[in-house]
Structures are given as C-alpha cells and as structure tokens.
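Okay, so here's the structure we're looking at.
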Amino acid sequence: MTERERLIAKDLLKIKAVFFRPEEPFTWASGIKSPVYCDNRLTLTAPEVRNDVENALAEAVKEYFPEAEVLMGTSTAGIAHAAITGHILGLPMGYVRSGAKDHGRGNQIEGRLEKGAKTVVIEDLISTGGSVIEVVNVLREAGADVLGVVSIFTYNMAKGFERLKAADVENHSLTNFDVIAEVAAEEGYVSRADVEKLIRFRNNPSDESWIAGAKEPGKPEA
C-alpha cells in the first residue's frame, strides 16, 4: 500500500464517496450485486479532497506517461477530472461520448485530437474494464496513440485485469478496492468480518454466497 493509495482511500472514505452495504447490496447495471459503491463525483464538491485527487492524477500522468500530449476524459464522470488535471499539467483535454451525437457534426470525440497524438484517458473508476476499453477503441480508431489510462479507483477484479490486458490497455489507479477495504477496517467504517466478505466479493463477483449472514457495517461503539 503506497502513501498515495492510502491518502486517496482516506479521502474517499472521509467524504462518504465509498458506500459499504453488505447487508443490502447495490445492483450494478450488469446485474452484479456489490457490497460497495464508489461515487467519485462527490470529490468535485469537496475542495480539499478534489485537490488531492487532481494533483495525484497529474502526478500519475507525469510518472507513468511523461510523453502525454493530450488528456481525454470518459463521459461523463471523467470529464471534470480530465479538465482539471489538464489545467494542472498545461495539457489540452477533450472527452469521448458514449455514442456519436445525432445532431450537429455528429461527434463522439469532443475537443481537437490530432492523428498520432499521444493520449492518456482519465477515468473515475474501473470495475470489469468494459467502458474504458470502449473509449480507448474509439480514440484508436480516430488515430490517437493511446498510451494508457489513469483512474481514481479500481475494484481490482480479475475480469477487469484480464480484459485490459487483452485489449493492450495499461491502467494506473490512485487507489483500489483492497486498500479501501483495509483503510476502512483500520478506521472503523467496517469490521474485519465485513472485510472478509468484501474480499470474497472481489475475488468472485458472480458468487453471491458472501451475502449470507452479512451484518450492517458501522463504526465500533465508543
């Protein structure tokens, strides 16, 4: 666990951008039942946390992709982060729509993107990797040289790692599921028993046996 991973995990927990609900799981669009939901949009309305996140995104871009020439945010959650990070780094930014517009110029990529431009995608979170891979494919088809992805959070799912590897997409996240779970336990947001359920979910999201006997998490009594 790095200092950056711990800082961002603590920030997300502090502003309740991470919700733990093992007793009443969230249902994702894919149908997967999850004991955790991460809403990184809340970082935008928390200035101190926002500063930590955007500076960390900028540091990660410089560290892993120093040759980056343009940032592209995912629609919609990655747009603001790409804009702020681009401002910090002095880089142009744009974003990729989930589909081409049905009016005007019919753009799917917004902002100027030159063919061959060394591009980094800014994403808020990664679960199974499908959404960000679609964005990378759109950019590649437009002629961009996609160096990789920098994201705020990843669920550390095996399926996500496998899909990213198969698509030749390099991702670096500021923090991840395992760090969030560990820090949450250290600070009393969840019990150690709940952490075991969280890791069982992460290891095999399609196996819902972790739900059985789940208890409501919360800070320990004083």
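Residue names in the structure tokens use chain letters A, B, ... in the order shown, residue numbers from 1 in each chain, and ligand numbers from 1 in the order shown.
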- Message: Taking only region 3-212 of chain A into account, list the residues labelled alpha helix (DSSP H) by DSSP (computed from the backbone), as a PyMOL selection string.
- Response: chain A and resi 3-14+47-64+79-89+130-141+158-166+177-186+192-203
Can you write out as a Markdown table which residues of region 36-99 of chain A fall within 10 Å of region 163-180 of chain A, alongside each residue's closest atom pair and its distance in Å to one decimal, counting only C-alpha atoms and ordering rows by chain and ascending residue number?
```
| residue | atom | partner | partner_atom | distance |
| --- | --- | --- | --- | --- |
| A:Val36 | CA | A:Phe177 | CA | 9.0 |
| A:Cys38 | CA | A:Phe177 | CA | 9.7 |
| A:Val53 | CA | A:Leu174 | CA | 8.1 |
| A:Ala56 | CA | A:Leu174 | CA | 7.0 |
| A:Leu57 | CA | A:Leu174 | CA | 7.2 |
| A:Glu59 | CA | A:Leu174 | CA | 9.9 |
| A:Ala60 | CA | A:His172 | CA | 7.5 |
| A:Val61 | CA | A:His172 | CA | 8.9 |
| A:Tyr64 | CA | A:His172 | CA | 8.0 |
```
- Message: With only C-alpha atoms as the counted atoms, please give the residues lying no more than 12 Å from Ala29 (chain A), apart from itself and same-chain residues fewer than 3 positions off, as a list of chain:residue names.
- Response: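 With the cut-off at 12 Å, the set is A:Phe26, A:Ile32, A:Lys33, A:Ser34, A:Ser127, A:Thr128, A:Ser131.
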Can you write out the residues you just picked, keeping C-alpha atoms, as a tab-separated table (two decimals), in the first residue's frame?
```
chain	number	residue	atom	x	y	z
A	26	PHE	CA	-26.07	-2.48	-4.63
A	32	ILE	CA	-23.75	-7.94	-10.27
A	33	LYS	CA	-24.62	-7.45	-6.61
A	34	SER	CA	-21.91	-5.46	-4.85
A	127	SER	CA	-14.70	-2.48	-12.48
A	128	THR	CA	-14.75	-5.00	-15.33
A	131	SER	CA	-16.40	1.05	-20.55
```
I need the residues in region 70-144 of chain A that are strand (DSSP E or B) according to DSSP; give them as a PDB file with C-alpha atoms, in the first residue's frame.
```pdb
ATOM      1  CA  VAL A  70      -3.457  15.317 -24.609  1.00  0.00           C
ATOM      2  CA  LEU A  71      -5.900  14.026 -21.976  1.00  0.00           C
ATOM      3  CA  MET A  72      -9.269  12.534 -22.833  1.00  0.00           C
ATOM      4  CA  GLY A  73     -11.948  12.105 -20.176  1.00  0.00           C
ATOM      5  CA  THR A  74     -14.573   9.391 -20.163  1.00  0.00           C
ATOM      6  CA  MET A  93      -8.117  17.909 -22.996  1.00  0.00           C
ATOM      7  CA  GLY A  94     -11.289  16.602 -24.520  1.00  0.00           C
ATOM      8  CA  TYR A  95     -13.698  13.785 -23.867  1.00  0.00           C
ATOM      9  CA  VAL A  96     -15.320  10.802 -25.502  1.00  0.00           C
ATOM     10  CA  ILE A 109     -14.863  12.741 -29.566  1.00  0.00           C
ATOM     11  CA  GLU A 110     -15.142  16.313 -28.306  1.00  0.00           C
ATOM     12  CA  LYS A 118      -0.012  10.672 -27.505  1.00  0.00           C
ATOM     13  CA  THR A 119      -3.168  10.382 -25.433  1.00  0.00           C
ATOM     14  CA  VAL A 120      -3.964   9.448 -21.834  1.00  0.00           C
ATOM     15  CA  VAL A 121      -7.516   8.574 -20.821  1.00  0.00           C
ATOM     16  CA  ILE A 122      -8.752   9.883 -17.461  1.00  0.00           C
ATOM     17  CA  GLU A 123     -11.350   7.618 -15.849  1.00  0.00           C
ATOM     18  CA  ASP A 124     -13.095   7.807 -12.491  1.00  0.00           C
ATOM     19  CA  LEU A 125     -13.326   4.092 -11.733  1.00  0.00           C
ATOM     20  CA  ILE A 126     -12.779   0.699 -13.296  1.00  0.00           C
TER      21      ILE A 126
END
```
- Message: Using only C-alpha atoms, which protein or nucleic acid residues come within 8 Å of Leu198 (chain A)? Drop anything in the same chain fewer than 6 positions from it, and give the result as a list in words.
- Response: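 Contacts, in chain order: Pro22, Pro35, Val36, Ala181 and Trp210 of chain A.
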Emit the selected residues as a JSON list (two decimals), in the first residue's frame, including N, CA, C and O atoms.
```json
[["chain", "number", "residue", "atom", "x", "y", "z"],
["A", 22, "PRO", "N", -23.02, -4.30, 2.79],
["A", 22, "PRO", "CA", -23.05, -5.75, 2.60],
["A", 22, "PRO", "C", -24.38, -6.38, 2.97],
["A", 22, "PRO", "O", -24.71, -7.46, 2.49],
["A", 35, "PRO", "N", -21.25, -5.20, -2.50],
["A", 35, "PRO", "CA", -21.36, -4.63, -1.16],
["A", 35, "PRO", "C", -20.78, -3.22, -1.08],
["A", 35, "PRO", "O", -20.86, -2.58, -0.04],
["A", 36, "VAL", "N", -20.19, -2.77, -2.19],
["A", 36, "VAL", "CA", -19.52, -1.47, -2.21],
["A", 36, "VAL", "C", -19.96, -0.67, -3.42],
["A", 36, "VAL", "O", -20.12, -1.22, -4.51],
["A", 181, "ALA", "N", -10.72, -1.24, 1.48],
["A", 181, "ALA", "CA", -11.23, -2.17, 2.50],
["A", 181, "ALA", "C", -10.35, -2.16, 3.74],
["A", 181, "ALA", "O", -10.85, -2.14, 4.88],
["A", 210, "TRP", "N", -21.24, -14.68, -0.34],
["A", 210, "TRP", "CA", -20.75, -13.75, 0.67],
["A", 210, "TRP", "C", -21.91, -12.98, 1.33],
["A", 210, "TRP", "O", -21.76, -12.48, 2.45]]
```
Would you list the contacts of Ile84 (chain A) as a short mmCIF file (atom, residue, chain, number, x, y, z; two decimals) with N, CA and C atoms, in the first residue's frame, taking every protein, DNA or RNA residue within 10 Å and counting only C-alpha atoms, but skipping same-chain residues closer than 5 positions in sequence?
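Written out: selection_36.cif:
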```
data_model
loop_
_atom_site.label_atom_id
_atom_site.label_comp_id
_atom_site.auth_asym_id
_atom_site.auth_seq_id
_atom_site.Cartn_x
_atom_site.Cartn_y
_atom_site.Cartn_z
N ARG A 50 -10.76 17.13 -3.57
CA ARG A 50 -10.60 17.36 -5.01
C ARG A 50 -9.16 17.73 -5.33
N ASN A 51 -8.55 18.59 -4.52
CA ASN A 51 -7.16 18.96 -4.75
C ASN A 51 -6.24 17.75 -4.65
N VAL A 53 -7.03 14.61 -5.19
CA VAL A 53 -7.30 13.72 -6.32
C VAL A 53 -6.69 14.26 -7.60
N GLU A 54 -6.92 15.52 -7.90
CA GLU A 54 -6.44 16.08 -9.16
C GLU A 54 -4.91 16.17 -9.20
N ASN A 55 -4.31 16.54 -8.06
CA ASN A 55 -2.86 16.57 -8.02
C ASN A 55 -2.27 15.17 -8.16
N LEU A 57 -3.73 12.67 -9.78
CA LEU A 57 -3.90 12.30 -11.18
C LEU A 57 -2.78 12.90 -12.04
N ALA A 58 -2.48 14.17 -11.78
CA ALA A 58 -1.42 14.84 -12.54
C ALA A 58 -0.08 14.16 -12.29
N ILE A 79 -14.88 13.59 -17.24
CA ILE A 79 -14.68 14.86 -17.95
C ILE A 79 -14.07 15.93 -17.05
N LEU A 89 -1.43 20.31 -15.60
CA LEU A 89 -0.29 19.90 -16.42
C LEU A 89 -0.05 20.80 -17.62
N GLY A 90 -0.99 21.70 -17.88
CA GLY A 90 -0.85 22.56 -19.05
C GLY A 90 -1.05 21.80 -20.35
N LEU A 91 -1.91 20.76 -20.30
CA LEU A 91 -2.18 19.93 -21.48
C LEU A 91 -3.59 20.16 -22.01
N MET A 93 -7.27 19.03 -23.37
CA MET A 93 -8.12 17.91 -23.00
C MET A 93 -9.36 17.89 -23.85
#
```
- Using only C-alpha atoms: which of A:Thr85, A:Asn107, A:Thr45, A:Asn40 has the shortest distance to Val150 (chain A):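 Of all the options, A:Thr85 lies closest to Val150 (chain A).
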- Task: Pick out the closest residue to Leu12 (chain A) from this set: A:Ala142, A:Pro92, A:Ala184, A:Arg97. Count only C-alpha atoms.
- Result: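 Result for the nearest residue to Leu12 (chain A): A:Ala184.
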- Query: For Ile8 (chain A), which residue among A:Val49, A:Ala185, A:Ile88, A:Val136 is the nearest when counting only C-alpha atoms?
  - Reply: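 Under the stated criterion, the closest residue is A:Val49.
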- Quick one: of A:Gly78, A:Pro205, A:Gly188, A:Pro66, who's nearest to Ser98 (chain A), counting only C-alpha atoms?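 Closest candidate: A:Gly78.
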- With distances taken over only C-alpha atoms, which of A:Gly130, A:Glu208, A:Gly86, A:Ala17 is nearest to Leu42 (chain A)?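 With only C-alpha atoms as the atom set, the closest residue is A:Ala17.
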- Have a look at A:Leu7, A:Ala82, A:Val132, A:Ala68 and name the one nearest to Thr154 (chain A); count only C-alpha atoms.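 So, comparing all the options, the nearest one is A:Val132.
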- Task: Using CA of Val135 (chain A) and CA of Ser30 (chain A) as the two end points, give the distance in Å to one decimal.
- Result: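 Atom-to-atom, CA of Val135 (chain A) to CA of Ser30 (chain A), that is 18.1 Å.
Here CA of Asp11 (chain A) is placed at a distance of 21.3 Å from CA of Val149 (chain A).
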